[in-house]
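K.L.:
So that you have it, the file is my_file38.txt, and it contains compact mmCIF, C-alpha atoms:
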# COMPACT_ATOMS: atom_id res chain seq x y z
CA MET A 1 45.22 11.09 -77.81
CA GLU A 2 43.09 8.10 -78.74
CA GLY A 3 45.76 5.55 -77.90
CA GLU A 4 46.12 6.72 -74.32
CA GLY A 5 44.78 4.28 -71.78
CA GLU A 6 45.08 1.28 -74.08
CA CYS A 7 47.53 -1.46 -73.14
CA SER A 8 48.25 -5.07 -73.94
CA ASP A 9 45.77 -6.42 -71.39
CA ASN A 10 42.92 -4.36 -72.83
CA PRO A 11 41.12 -6.54 -75.39
CA PHE A 12 39.66 -3.50 -77.17
CA THR A 13 41.79 -1.66 -79.71
CA SER A 14 40.08 0.60 -82.20
CA VAL A 15 41.25 0.88 -85.79
CA MET A 16 41.60 4.63 -85.27
CA THR A 17 44.14 3.84 -82.55
CA LEU A 18 46.13 1.61 -84.91
CA THR A 19 46.05 4.38 -87.50
CA LYS A 20 47.35 6.97 -85.04
CA MET A 21 50.12 4.53 -84.06
CA ARG A 22 51.07 4.43 -87.77
CA VAL A 23 51.37 0.65 -87.78
CA PRO A 24 53.28 -0.38 -90.94
CA HIS A 25 51.40 -3.69 -91.24
CA VAL A 26 47.95 -4.84 -90.25
CA PRO A 27 48.05 -6.95 -87.08
CA GLN A 28 47.67 -10.68 -87.65
CA ARG A 29 44.10 -10.76 -86.32
CA TYR A 30 43.00 -8.69 -89.35
CA VAL A 31 44.66 -10.88 -91.99
CA LEU A 32 42.13 -12.89 -93.99
CA PRO A 33 42.79 -16.32 -95.51
CA PRO A 34 43.95 -15.88 -99.13
CA SER A 35 40.62 -17.11 -100.54
CA GLN A 36 38.72 -14.37 -98.70
CA ARG A 37 40.96 -11.44 -99.57
CA PRO A 38 39.52 -8.70 -101.78
CA THR A 39 40.22 -7.93 -105.40
CA LEU A 40 40.94 -4.21 -105.42
CA THR A 41 41.24 -3.72 -109.19
CA LEU A 42 37.64 -4.38 -110.20
CA ASP A 43 35.98 -2.61 -113.11
CA LEU A 44 34.50 0.65 -111.81
CA THR A 45 32.48 1.09 -115.00
CA ALA A 46 29.96 -1.59 -114.07
CA ASN A 47 26.55 -0.49 -115.32
CA LEU A 48 24.80 -0.11 -111.96
CA PRO A 49 21.32 1.42 -112.05
CA ILE A 50 20.77 5.03 -110.96
CA VAL A 51 17.15 6.03 -110.36
CA ASP A 52 15.94 9.63 -110.47
CA LEU A 53 13.26 9.53 -107.77
CA SER A 54 11.71 12.82 -108.87
CA THR A 55 10.26 10.97 -111.89
CA LEU A 56 7.98 8.95 -109.58
CA HIS A 57 5.91 12.11 -109.18
CA HIS A 58 5.31 12.50 -112.94
CA ALA A 59 2.59 10.28 -114.35
CA SER A 60 4.26 10.10 -117.77
CA GLN A 61 7.55 8.78 -116.30
CA ARG A 62 6.43 6.80 -113.25
CA SER A 63 5.86 3.50 -115.06
CA LEU A 64 9.31 3.54 -116.65
CA THR A 65 10.95 4.39 -113.32
CA LEU A 66 9.12 1.53 -111.60
CA ASP A 67 10.35 -0.81 -114.36
CA THR A 68 13.92 0.31 -113.66
CA ILE A 69 13.47 -0.30 -109.92
CA GLN A 70 11.93 -3.72 -110.58
CA GLY A 71 14.81 -4.75 -112.84
CA ALA A 72 17.37 -3.59 -110.29
CA CYS A 73 15.63 -5.48 -107.47
CA LYS A 74 15.51 -8.70 -109.51
CA GLU A 75 19.03 -8.55 -110.92
CA LEU A 76 21.08 -7.00 -108.13
CA GLY A 77 19.00 -6.11 -105.08
CA PHE A 78 20.61 -2.68 -105.36
CA PHE A 79 20.29 0.72 -107.01
CA GLN A 80 21.42 4.29 -106.43
CA VAL A 81 18.98 7.19 -106.11
CA VAL A 82 19.36 10.84 -107.02
CA ASN A 83 16.86 13.69 -106.60
CA HIS A 84 15.79 11.86 -103.44
CA GLY A 85 14.62 14.93 -101.56
CA ILE A 86 17.36 15.08 -98.91
CA PRO A 87 19.24 18.39 -99.27
CA LEU A 88 23.02 18.27 -99.71
CA PRO A 89 23.63 20.40 -96.57
CA VAL A 90 21.80 17.78 -94.47
CA ILE A 91 23.97 15.05 -96.00
CA HIS A 92 27.18 17.02 -95.46
CA ASP A 93 26.21 17.82 -91.87
CA ALA A 94 25.65 14.13 -91.10
CA LEU A 95 29.07 13.19 -92.49
CA ALA A 96 30.66 16.06 -90.56
CA ALA A 97 29.03 14.84 -87.33
CA ALA A 98 30.40 11.34 -88.01
CA ILE A 99 33.92 12.70 -88.53
CA GLU A 100 33.73 14.71 -85.31
CA PHE A 101 32.54 11.67 -83.35
CA PHE A 102 35.34 9.39 -84.50
CA ASN A 103 37.88 12.14 -83.78
CA LEU A 104 36.83 12.24 -80.12
CA SER A 105 39.22 10.88 -77.48
CA LEU A 106 39.12 7.17 -76.80
CA GLU A 107 37.97 7.89 -73.24
CA GLU A 108 34.90 9.71 -74.55
CA LYS A 109 33.95 6.96 -76.99
CA MET A 110 34.58 4.15 -74.49
CA THR A 111 31.60 5.33 -72.43
CA LEU A 112 29.45 3.88 -75.25
CA LEU A 113 31.46 0.67 -75.77
CA SER A 114 29.39 -2.51 -75.83
CA ASP A 115 29.49 -5.97 -77.38
CA ASN A 116 25.77 -6.55 -76.66
CA VAL A 117 23.90 -6.45 -80.00
CA HIS A 118 20.65 -5.69 -78.15
CA ASN A 119 21.92 -2.37 -76.74
CA PRO A 120 20.15 0.63 -78.32
CA VAL A 121 23.44 2.59 -78.60
CA ARG A 122 26.86 1.00 -78.90
CA TYR A 123 30.35 1.91 -80.00
CA GLY A 124 32.70 -0.79 -81.21
CA THR A 125 35.19 -2.05 -83.73
CA SER A 126 35.17 -4.85 -86.34
CA LEU A 127 31.80 -6.72 -86.19
CA ASN A 128 31.95 -7.66 -82.51
CA HIS A 129 35.39 -7.24 -80.97
CA ALA A 130 34.60 -9.67 -78.17
CA SER A 131 33.83 -12.66 -80.39
CA ASP A 132 35.24 -12.12 -83.91
CA LYS A 133 37.68 -14.82 -85.01
CA VAL A 134 39.01 -12.48 -87.70
CA HIS A 135 38.78 -8.74 -87.17
CA TYR A 136 37.68 -6.17 -89.74
CA TRP A 137 39.16 -2.71 -90.31
CA ARG A 138 36.17 -0.71 -89.05
CA ASP A 139 35.12 1.39 -86.08
CA PHE A 140 31.42 2.13 -85.65
CA ILE A 141 28.68 3.61 -83.57
CA LYS A 142 25.14 2.27 -83.89
CA HIS A 143 21.94 3.67 -82.49
CA TYR A 144 18.21 3.21 -82.88
CA SER A 145 16.60 6.23 -84.50
CA HIS A 146 12.85 5.79 -85.00
CA PRO A 147 10.76 7.20 -83.57
CA ILE A 148 13.58 9.62 -82.88
CA SER A 149 11.92 11.01 -79.74
CA ASP A 150 12.27 7.56 -78.10
CA TRP A 151 16.01 7.26 -78.69
CA ILE A 152 17.80 10.56 -79.27
CA HIS A 153 18.40 11.18 -75.55
CA LEU A 154 20.61 8.06 -75.57
CA TRP A 155 22.76 9.23 -78.51
CA PRO A 156 26.23 10.69 -77.98
CA SER A 157 26.22 14.05 -76.20
CA ASN A 158 29.57 14.83 -77.81
CA PRO A 159 30.24 16.29 -80.24
CA PRO A 160 27.63 18.89 -79.18
CA SER A 161 26.09 19.14 -82.67
CA TYR A 162 25.85 15.35 -83.17
CA LYS A 163 22.23 14.87 -82.14
CA ASP A 164 21.02 17.79 -84.25
CA LYS A 165 22.98 16.98 -87.41
CA MET A 166 22.56 13.20 -87.34
CA GLY A 167 18.96 13.55 -86.18
CA ASN A 168 18.01 15.74 -89.14
CA TYR A 169 19.50 13.18 -91.52
CA ALA A 170 17.84 10.23 -89.74
CA LYS A 171 14.40 11.84 -89.97
CA ALA A 172 14.87 12.65 -93.66
CA VAL A 173 15.97 9.09 -94.47
CA GLN A 174 12.97 7.67 -92.62
CA VAL A 175 10.70 9.64 -94.96
CA LEU A 176 12.69 8.47 -98.00
CA HIS A 177 12.51 4.85 -96.84
CA LYS A 178 8.72 4.98 -96.79
CA GLN A 179 8.66 6.35 -100.35
CA LEU A 180 11.05 3.62 -101.54
CA MET A 181 9.03 0.86 -99.85
CA GLU A 182 5.84 2.09 -101.51
CA ALA A 183 7.51 1.91 -104.94
CA ILE A 184 9.13 -1.50 -104.35
CA LEU A 185 5.93 -3.09 -103.06
CA GLU A 186 4.09 -1.69 -106.09
CA THR A 187 6.60 -3.42 -108.40
CA LEU A 188 5.75 -6.70 -106.64
CA GLY A 189 2.03 -6.11 -107.10
CA LEU A 190 1.57 -5.77 -103.34
CA ASN A 191 -0.66 -3.24 -101.58
CA PHE A 192 1.42 -0.76 -99.57
CA GLY A 193 -1.60 -0.07 -97.37
CA ASN A 194 -1.52 -3.62 -95.98
CA LEU A 195 1.94 -3.02 -94.52
CA GLN A 196 1.85 0.74 -94.05
CA LYS A 197 1.39 0.60 -90.27
CA GLU A 198 4.27 -1.88 -89.79
CA ILE A 199 6.53 0.14 -92.11
CA GLU A 200 5.76 3.42 -90.32
CA GLU A 201 6.21 1.83 -86.88
CA GLY A 202 9.26 -0.22 -87.87
CA ASN A 203 12.84 -0.02 -86.69
CA GLN A 204 15.52 2.31 -87.98
CA LEU A 205 19.06 1.53 -86.91
CA MET A 206 21.78 3.99 -87.88
CA ALA A 207 25.20 2.39 -88.31
CA ILE A 208 27.87 5.05 -88.66
CA ASN A 209 31.09 3.48 -89.91
CA CYS A 210 34.68 4.68 -90.09
CA TYR A 211 37.16 2.85 -92.33
CA PRO A 212 40.58 4.48 -91.82
CA ALA A 213 43.32 4.21 -94.44
CA CYS A 214 44.84 0.73 -94.18
CA PRO A 215 48.56 -0.07 -94.65
CA GLU A 216 47.77 -3.40 -96.37
CA PRO A 217 44.30 -3.17 -97.97
CA ASP A 218 44.90 -6.32 -100.01
CA LEU A 219 44.99 -8.47 -96.84
CA THR A 220 41.81 -7.44 -95.04
CA LEU A 221 38.32 -5.95 -95.37
CA GLY A 222 36.29 -3.25 -93.68
CA MET A 223 33.28 -5.59 -93.64
CA PRO A 224 32.99 -9.23 -94.76
CA PRO A 225 30.50 -10.39 -97.40
CA HIS A 226 27.01 -10.22 -95.90
CA SER A 227 23.44 -9.15 -96.58
CA ASP A 228 21.39 -6.90 -94.32
CA TYR A 229 18.52 -8.29 -92.25
CA GLY A 230 15.82 -5.68 -92.82
CA THR A 231 13.65 -4.36 -95.60
CA LEU A 232 15.99 -1.71 -97.01
CA THR A 233 19.31 -0.13 -96.15
CA VAL A 234 19.86 3.42 -97.37
CA LEU A 235 23.59 4.11 -97.46
CA LEU A 236 25.43 7.42 -97.56
CA GLN A 237 29.15 7.15 -98.33
CA SER A 238 32.00 9.65 -98.46
CA GLY A 239 33.88 7.80 -101.20
CA PRO A 240 34.25 4.46 -103.01
CA GLY A 241 34.87 1.17 -101.23
CA LEU A 242 31.58 -0.74 -101.38
CA GLN A 243 31.50 -3.88 -103.51
CA LEU A 244 28.43 -5.94 -104.26
CA GLN A 245 27.97 -9.41 -105.66
CA ASP A 246 25.91 -9.89 -108.82
CA ASN A 247 23.79 -12.95 -109.61
CA LYS A 248 26.84 -14.66 -111.10
CA LYS A 249 28.70 -14.16 -107.79
CA LYS A 250 31.01 -11.64 -109.44
CA TRP A 251 32.13 -8.68 -107.34
CA LEU A 252 31.32 -5.20 -108.66
CA SER A 253 32.75 -1.97 -107.27
CA VAL A 254 30.15 0.72 -106.67
CA PRO A 255 31.32 4.10 -108.01
CA PHE A 256 30.99 7.17 -105.84
CA VAL A 257 28.35 9.65 -107.04
CA GLU A 258 28.26 12.94 -105.10
CA GLY A 259 24.87 13.42 -103.43
CA ALA A 260 23.54 9.99 -104.44
CA LEU A 261 22.28 7.48 -101.88
CA LEU A 262 22.61 3.70 -102.22
CA VAL A 263 19.58 1.47 -101.73
CA GLN A 264 20.27 -2.12 -100.72
CA LEU A 265 17.53 -4.74 -100.41
CA GLY A 266 17.58 -6.73 -97.19
CA ASP A 267 16.52 -10.20 -96.15
CA GLN A 268 12.97 -9.15 -95.22
CA ILE A 269 12.30 -8.07 -98.81
CA GLU A 270 13.75 -11.31 -100.20
CA VAL A 271 11.47 -13.31 -97.90
CA MET A 272 8.42 -11.10 -98.52
CA SER A 273 8.92 -11.46 -102.29
CA ASN A 274 9.33 -15.26 -101.90
CA GLY A 275 12.69 -14.98 -103.62
CA GLN A 276 11.63 -12.85 -106.61
CA TYR A 277 13.92 -10.12 -105.25
CA LYS A 278 17.26 -10.89 -103.61
CA SER A 279 18.95 -9.24 -100.68
CA VAL A 280 22.28 -7.98 -101.97
CA VAL A 281 25.51 -9.51 -100.71
CA HIS A 282 28.09 -6.77 -100.21
CA GLN A 283 31.47 -6.14 -98.61
CA VAL A 284 33.69 -3.15 -97.87
CA THR A 285 37.19 -2.78 -99.30
CA LEU A 286 39.83 -0.40 -98.01
CA SER A 287 42.28 2.17 -99.31
CA ALA A 288 45.93 2.68 -98.43
CA GLU A 289 45.52 6.46 -98.81
CA ASN A 290 41.99 7.48 -97.89
CA LYS A 291 39.68 7.19 -94.91
CA ARG A 292 36.07 6.35 -95.84
CA LEU A 293 32.94 7.07 -93.84
CA SER A 294 29.51 5.61 -94.38
CA ILE A 295 26.16 6.09 -92.71
CA ALA A 296 23.88 3.10 -93.14
CA SER A 297 20.23 3.57 -92.23
CA LEU A 298 18.92 0.04 -91.74
CA HIS A 299 15.16 -0.26 -91.82
CA SER A 300 13.07 -3.22 -90.74
CA LEU A 301 9.56 -4.05 -89.65
CA PRO A 302 8.87 -3.84 -85.88
CA ILE A 303 11.27 -5.95 -83.83
CA ASN A 304 8.81 -8.75 -83.02
CA LYS A 305 6.88 -8.68 -86.32
CA LYS A 306 7.17 -12.04 -88.09
CA ILE A 307 7.54 -11.74 -91.86
CA GLY A 308 7.02 -14.52 -94.38
CA PRO A 309 6.38 -14.72 -98.11
CA ALA A 310 3.39 -12.59 -99.20
CA PRO A 311 0.43 -14.92 -99.89
CA GLU A 312 -0.12 -13.16 -103.24
CA LEU A 313 3.32 -14.37 -104.39
CA VAL A 314 2.81 -18.03 -103.47
CA ASP A 315 1.24 -20.62 -105.78
CA GLU A 316 1.91 -24.15 -107.07
CA GLN A 317 4.74 -22.95 -109.29
CA HIS A 318 6.15 -20.75 -106.50
CA PRO A 319 5.77 -22.60 -103.18
CA VAL A 320 6.75 -20.99 -99.90
CA SER A 321 10.56 -20.84 -99.92
CA TYR A 322 11.30 -19.29 -96.52
CA ASN A 323 10.28 -19.70 -92.90
CA GLU A 324 8.97 -16.65 -91.07
CA PHE A 325 11.37 -14.51 -89.06
CA SER A 326 11.55 -11.25 -87.13
CA PHE A 327 14.25 -8.68 -86.44
CA ARG A 328 14.54 -10.17 -82.93
CA ASP A 329 15.21 -13.60 -84.46
CA PHE A 330 18.08 -12.03 -86.42
CA LEU A 331 19.54 -10.40 -83.29
CA ASP A 332 19.38 -13.74 -81.47
CA TYR A 333 21.09 -15.42 -84.43
CA ILE A 334 24.03 -13.01 -84.57
CA SER A 335 24.45 -13.25 -80.79
CA SER A 336 25.61 -16.83 -81.25
CA ASN A 337 26.67 -17.06 -84.91
CA ASP A 338 29.31 -15.38 -87.06
CA ILE A 339 27.69 -13.76 -90.13
CA ALA A 340 31.07 -14.04 -91.86
CA ASP A 341 30.60 -17.83 -91.78
CA LYS A 342 26.93 -18.17 -92.69
CA ARG A 343 24.27 -15.70 -93.81
CA PHE A 344 21.22 -15.45 -91.60
CA ILE A 345 18.84 -15.88 -94.54
CA ASP A 346 20.35 -19.29 -95.32
CA SER A 347 19.16 -20.44 -91.90
CA ILE A 348 15.49 -19.72 -92.75
CA LYS A 349 15.36 -21.09 -96.31
CA LYS A 350 13.12 -24.11 -96.67
CA SER A 351 14.84 -27.20 -97.98
CA VAL A 352 13.67 -28.20 -101.46
Please go through the file and, once you have read it, give me the structure as C-alpha cells.
P.N.:
Amino acid sequence: MEGEGECSDNPFTSVMTLTKMRVPHVPQRYVLPPSQRPTLTLDLTANLPIVDLSTLHHASQRSLTLDTIQGACKELGFFQVVNHGIPLPVIHDALAAAIEFFNLSLEEKMTLLSDNVHNPVRYGTSLNHASDKVHYWRDFIKHYSHPISDWIHLWPSNPPSYKDKMGNYAKAVQVLHKQLMEAILETLGLNFGNLQKEIEEGNQLMAINCYPACPEPDLTLGMPPHSDYGTLTVLLQSGPGLQLQDNKKKWLSVPFVEGALLVQLGDQIEVMSNGQYKSVVHQVTLSAENKRLSIASLHSLPINKKIGPAPELVDEQHPVSYNEFSFRDFLDYISSNDIADKRFIDSIKKSV
C-alpha cells in the first residue's frame, strides 16, 4: 500500500497517502488563512470563450476566429479549444496513464522524488514539499518532453504503457502549441517566422497532477493563485476544479467540456506583447467527492533565450514595460521564492 514505509520522521507524505488513510480532516499544514480560502459556489455559467480551431483552415472563417482569440487574450488570457486535432483516444490514453502512475506503490514513485526544480523528471507533492510554508492538496510528476527523444528514456518505466501513452499525447500537444502560437502572434501583428526557430526548439514541460478528493475542500487548494512562466500552457482535465481570475480580479470557475483543451497564456506572452495580453492567474479548487487529474503541457522558448517586449509593440505611448527574462531566470526565482507570495512576472515589471 502507498502508506507503507512512511513514518513521522519522514518529511514526505503524499496526498494519495492521506486519502488512503481516510483522514477526516486536512492536516494543519494544508489549512489556508481565511482570506486565501476558495469560494466553491462560483457561477459555472461564466461566458468563457470556446474556439473551434478547425475554422482557422477556412479562409471565410479565419478572420472571425482570430478576432475571438484576440479578444480572449486581451480580456482573460484564456480560452478553450475544440476540434484541435488531437484524437479522443490519445487524450483518454494519457489520462489513463496518469491514473496508473499515481496508483503505483509509494516505493515505486519515491525513486523519482526530488525537490530540485532543475531536475528533468521529478515526483512530488504540493508545490515543493521541502520548502512550502503552506501545503497544497496535490501530487505530481513533471518531466521535460521536447524533443521527446532527448527525454523519454528518463520518464517512468512503470506503468509499462506510460511512455507510449503519455509520449503520444506530448507529441500531439507540441504540434498544437505551434499552431496556437502562430495564430496568437498573428493577432498581435507579429511575424511567426521571426520566432519560429525558438518556438520549435523551445521547452515543453509536462506536469501531470493528481488532486484526490479532499475531506475539507473549503479550507485548502490544490494549487494557489499563480500564472505560468512560459508562452502557453495547454491543459487537459478530467473534470471541473480550475478557477481563473478575470480583469476585475473576480474568480470564475471553468466548466468541464469533454474533449476540449484549455489554453492559458503565460508570462512570456505578456512580456512579448508588452502587456497587451495578460498571463492568466488561476488556482485549483478541490472536491469532497471526486478525484481530479490534469495534464498541463507548459511551453516556453529555449531555457536560456531572453524574451522582452517585441520592438513592433513599443512606442512613445507604449514604452517598454518589462525587463527581459528567460525560463532559467524563472527556475532560479522559484528556487528561492514562494510563488504563492509573489508572482514572478511582478519581479520583472518596470517601475512607472
K.L.:
What's the 10 Å shell around Asn274 in chain A, counting all atoms listed in the file, without same-chain residues fewer than 5 positions away, as a count of residues only?
P.N.:
14
K.L.:
A:Asn337, A:Gln28, A:Gln264, A:Ser300: which is nearest His135 in chain A, counting all atoms listed in the file?
P.N.:
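Closest to His135 in chain A, using all atoms listed in the file: A:Gln28.
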K.L.:
Could you tell me how far CA of Thr220 in chain A lies from CA of Gln245 in chain A, in Å and to one decimal?
P.N.:
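Interatomic distance, CA of Thr220 in chain A to CA of Gln245 in chain A: 17.6 Å.
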K.L.:
Using CA of Ala207 in chain A and CA of Ile295 in chain A as the two end points, give the distance in Å to one decimal.
P.N.:
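Computing the Euclidean distance for CA of Ala207 in chain A and CA of Ile295 in chain A yields 5.8 Å.
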K.L.:
May I have the protein, DNA and RNA residues with an atom at most 7 Å from (50.0, 3.0, -97.1), counting all atoms listed in the file in the file's coordinates, returned as a PDB file with C-alpha atoms, keeping the file's coordinate frame?
P.N.:
ATOM      1  CA  CYS A 214      44.840   0.730 -94.180  1.00  0.00           C
ATOM      2  CA  PRO A 215      48.560  -0.070 -94.650  1.00  0.00           C
ATOM      3  CA  GLU A 216      47.770  -3.400 -96.370  1.00  0.00           C
ATOM      4  CA  ALA A 288      45.930   2.680 -98.430  1.00  0.00           C
ATOM      5  CA  GLU A 289      45.520   6.460 -98.810  1.00  0.00           C
TER       6      GLU A 289
END
K.L.:
Which residue gives the smallest distance to Lys142 in chain A among A:Gln237, A:Thr55, A:Ser161, A:Ser297, with all atoms listed in the file counted?
P.N.:
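Nearest to Lys142 in chain A: A:Ser297.
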K.L.:
Applying 8 Å and only C-alpha atoms, which residues near range 188-192 of chain A remain after dropping the ones on its own chain fewer than 6 positions away? List them as a tab-separated table (two decimals) with C-alpha atoms, keeping the file's coordinate frame.
P.N.:
chain	number	residue	atom	x	y	z
A	70	GLN	CA	11.93	-3.72	-110.58
A	181	MET	CA	9.03	0.86	-99.85
A	182	GLU	CA	5.84	2.09	-101.51
A	273	SER	CA	8.92	-11.46	-102.29
A	312	GLU	CA	-0.12	-13.16	-103.24
K.L.:
Restrict the calculation to only C-alpha atoms, then for each residue of range 107-215 of chain A with any atom at most 8 Å from an atom of range 10-22 of chain A give the closest atom pair and their distance in Å to one decimal, rows by chain and rising residue number, as a tab-separated table.
P.N.:
residue	atom	partner	partner_atom	distance
A:Gly124	CA	A:Ser14	CA	7.6
A:Thr125	CA	A:Ser14	CA	5.8
A:His129	CA	A:Phe12	CA	6.8
A:Ala130	CA	A:Pro11	CA	7.7
A:Trp137	CA	A:Val15	CA	6.1
A:Arg138	CA	A:Val15	CA	6.2
A:Asp139	CA	A:Val15	CA	6.2
A:Tyr211	CA	A:Val15	CA	8.0
A:Pro212	CA	A:Met16	CA	6.6
A:Ala213	CA	A:Thr19	CA	7.5
A:Cys214	CA	A:Thr19	CA	7.7
K.L.:
With all atoms listed in the file as the atoms that count, which of A:Pro159, A:Leu48, A:Gly202, A:Lys133 lies nearest to Leu104 in chain A?
P.N.:
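For Leu104 in chain A, the nearest of the candidates is A:Pro159.
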K.L.:
Name the closest residue to Lys248 in chain A among the candidates A:Pro225, A:His57, A:Val281, A:Leu176; distances are taken between atoms, counting only C-alpha atoms.
P.N.:
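The answer is A:Val281, which sits nearest to Lys248 in chain A.
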K.L.:
So which one's closest to Asp67 in chain A, A:Ala183, A:Asn103, A:Tyr123, A:Met272? Using all atoms listed in the file, please.
P.N.:
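For Asp67 in chain A, the nearest of the given residues is A:Ala183.
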K.L.:
From (24.2, 2.1, -107.1), in the file's coordinates, out to 6 Å: which residues are reached, counting only C-alpha atoms? Answer as JSON, numbers by chain.
P.N.:
{"A": [48, 49, 50, 79, 80, 262]}
K.L.:
Using only C-alpha atoms, determine which residues lie at most 12 Å from Ser149 in chain A, disregarding the query and same-chain residues fewer than 3 positions distant; provide the list as a list in words.
P.N.:
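Skipping anything fewer than 3 positions along the chain leaves Tyr144, Ser145, His146, Ile152, His153, Leu154, Trp155, Lys163, Gly167, Ala170 and Lys171 of chain A.
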K.L.:
By how many Å are CA of Val257 in chain A and CA of Ala72 in chain A apart?
P.N.:
17.5 Å
K.L.:
Hey, which of A:Asp341, A:Leu219, A:Glu258, A:Arg328 ends up closest to Tyr30 in chain A? Count only C-alpha atoms.
P.N.:
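Smallest distance to Tyr30 in chain A is found for A:Leu219.
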K.L.:
Hey, what's within 8 Å of Met166 in chain A if we count all atoms listed in the file and toss same-chain stuff fewer than 3 positions away? As a ChimeraX atom specification, please?
P.N.:
/A:93-94,97,162-163,169-170
K.L.:
Residues of the last selection are to be written out with C-alpha atoms, as a PDB file, in the frame of the given file.
P.N.:
ATOM      1  CA  ASP A  93      26.210  17.820 -91.870  1.00  0.00           C
ATOM      2  CA  ALA A  94      25.650  14.130 -91.100  1.00  0.00           C
ATOM      3  CA  ALA A  97      29.030  14.840 -87.330  1.00  0.00           C
ATOM      4  CA  TYR A 162      25.850  15.350 -83.170  1.00  0.00           C
ATOM      5  CA  LYS A 163      22.230  14.870 -82.140  1.00  0.00           C
ATOM      6  CA  TYR A 169      19.500  13.180 -91.520  1.00  0.00           C
ATOM      7  CA  ALA A 170      17.840  10.230 -89.740  1.00  0.00           C
TER       8      ALA A 170
END
K.L.:
If you count all atoms listed in the file, which residues fall within 12 Å of Asn116 in chain A, apart from same-chain ones fewer than 3 positions away, as a ChimeraX atom specification?
P.N.:
/A:112-113,119-124,127-131,142,331-332,334-336
K.L.:
Please, can range 111-116 of chain A be completed to all heavy atoms and returned as a PDB file, in the frame of the given file?
P.N.:
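Saved as result13.pdb:
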ATOM      1  N   THR A 111      32.802   5.305 -73.263  1.00  0.00           N
ATOM      2  CA  THR A 111      31.600   5.330 -72.430  1.00  0.00           C
ATOM      3  C   THR A 111      30.426   4.653 -73.130  1.00  0.00           C
ATOM      4  O   THR A 111      29.445   4.279 -72.478  1.00  0.00           O
ATOM      5  CB  THR A 111      31.207   6.775 -72.068  1.00  0.00           C
ATOM      6  OG1 THR A 111      30.899   7.493 -73.266  1.00  0.00           O
ATOM      7  CG2 THR A 111      32.336   7.482 -71.337  1.00  0.00           C
ATOM      8  N   LEU A 112      30.522   4.501 -74.463  1.00  0.00           N
ATOM      9  CA  LEU A 112      29.450   3.880 -75.250  1.00  0.00           C
ATOM     10  C   LEU A 112      29.817   2.481 -75.727  1.00  0.00           C
ATOM     11  O   LEU A 112      29.052   1.857 -76.452  1.00  0.00           O
ATOM     12  CB  LEU A 112      29.122   4.765 -76.462  1.00  0.00           C
ATOM     13  CG  LEU A 112      28.643   6.183 -76.144  1.00  0.00           C
ATOM     14  CD1 LEU A 112      28.648   7.045 -77.404  1.00  0.00           C
ATOM     15  CD2 LEU A 112      27.251   6.157 -75.526  1.00  0.00           C
ATOM     16  N   LEU A 113      30.985   1.982 -75.307  1.00  0.00           N
ATOM     17  CA  LEU A 113      31.460   0.670 -75.770  1.00  0.00           C
ATOM     18  C   LEU A 113      30.543  -0.440 -75.289  1.00  0.00           C
ATOM     19  O   LEU A 113      30.159  -0.487 -74.117  1.00  0.00           O
ATOM     20  CB  LEU A 113      32.883   0.426 -75.261  1.00  0.00           C
ATOM     21  CG  LEU A 113      33.509  -0.918 -75.665  1.00  0.00           C
ATOM     22  CD1 LEU A 113      33.799  -0.939 -77.159  1.00  0.00           C
ATOM     23  CD2 LEU A 113      34.780  -1.175 -74.867  1.00  0.00           C
ATOM     24  N   SER A 114      30.194  -1.345 -76.197  1.00  0.00           N
ATOM     25  CA  SER A 114      29.390  -2.510 -75.830  1.00  0.00           C
ATOM     26  C   SER A 114      29.556  -3.591 -76.889  1.00  0.00           C
ATOM     27  O   SER A 114      29.718  -3.294 -78.070  1.00  0.00           O
ATOM     28  CB  SER A 114      27.911  -2.141 -75.713  1.00  0.00           C
ATOM     29  OG  SER A 114      27.127  -3.293 -75.469  1.00  0.00           O
ATOM     30  N   ASP A 115      29.517  -4.860 -76.429  1.00  0.00           N
ATOM     31  CA  ASP A 115      29.490  -5.970 -77.380  1.00  0.00           C
ATOM     32  C   ASP A 115      28.121  -6.651 -77.377  1.00  0.00           C
ATOM     33  O   ASP A 115      27.950  -7.715 -77.956  1.00  0.00           O
ATOM     34  CB  ASP A 115      30.607  -6.974 -77.090  1.00  0.00           C
ATOM     35  CG  ASP A 115      30.525  -7.559 -75.672  1.00  0.00           C
ATOM     36  OD1 ASP A 115      29.478  -7.370 -75.011  1.00  0.00           O
ATOM     37  OD2 ASP A 115      31.501  -8.191 -75.224  1.00  0.00           O
ATOM     38  N   ASN A 116      27.131  -6.012 -76.735  1.00  0.00           N
ATOM     39  CA  ASN A 116      25.770  -6.550 -76.660  1.00  0.00           C
ATOM     40  C   ASN A 116      24.952  -6.015 -77.836  1.00  0.00           C
ATOM     41  O   ASN A 116      24.643  -4.820 -77.883  1.00  0.00           O
ATOM     42  CB  ASN A 116      25.125  -6.155 -75.334  1.00  0.00           C
ATOM     43  CG  ASN A 116      23.728  -6.736 -75.169  1.00  0.00           C
ATOM     44  OD1 ASN A 116      23.154  -7.313 -76.096  1.00  0.00           O
ATOM     45  ND2 ASN A 116      23.164  -6.587 -73.979  1.00  0.00           N
TER      46      ASN A 116
END
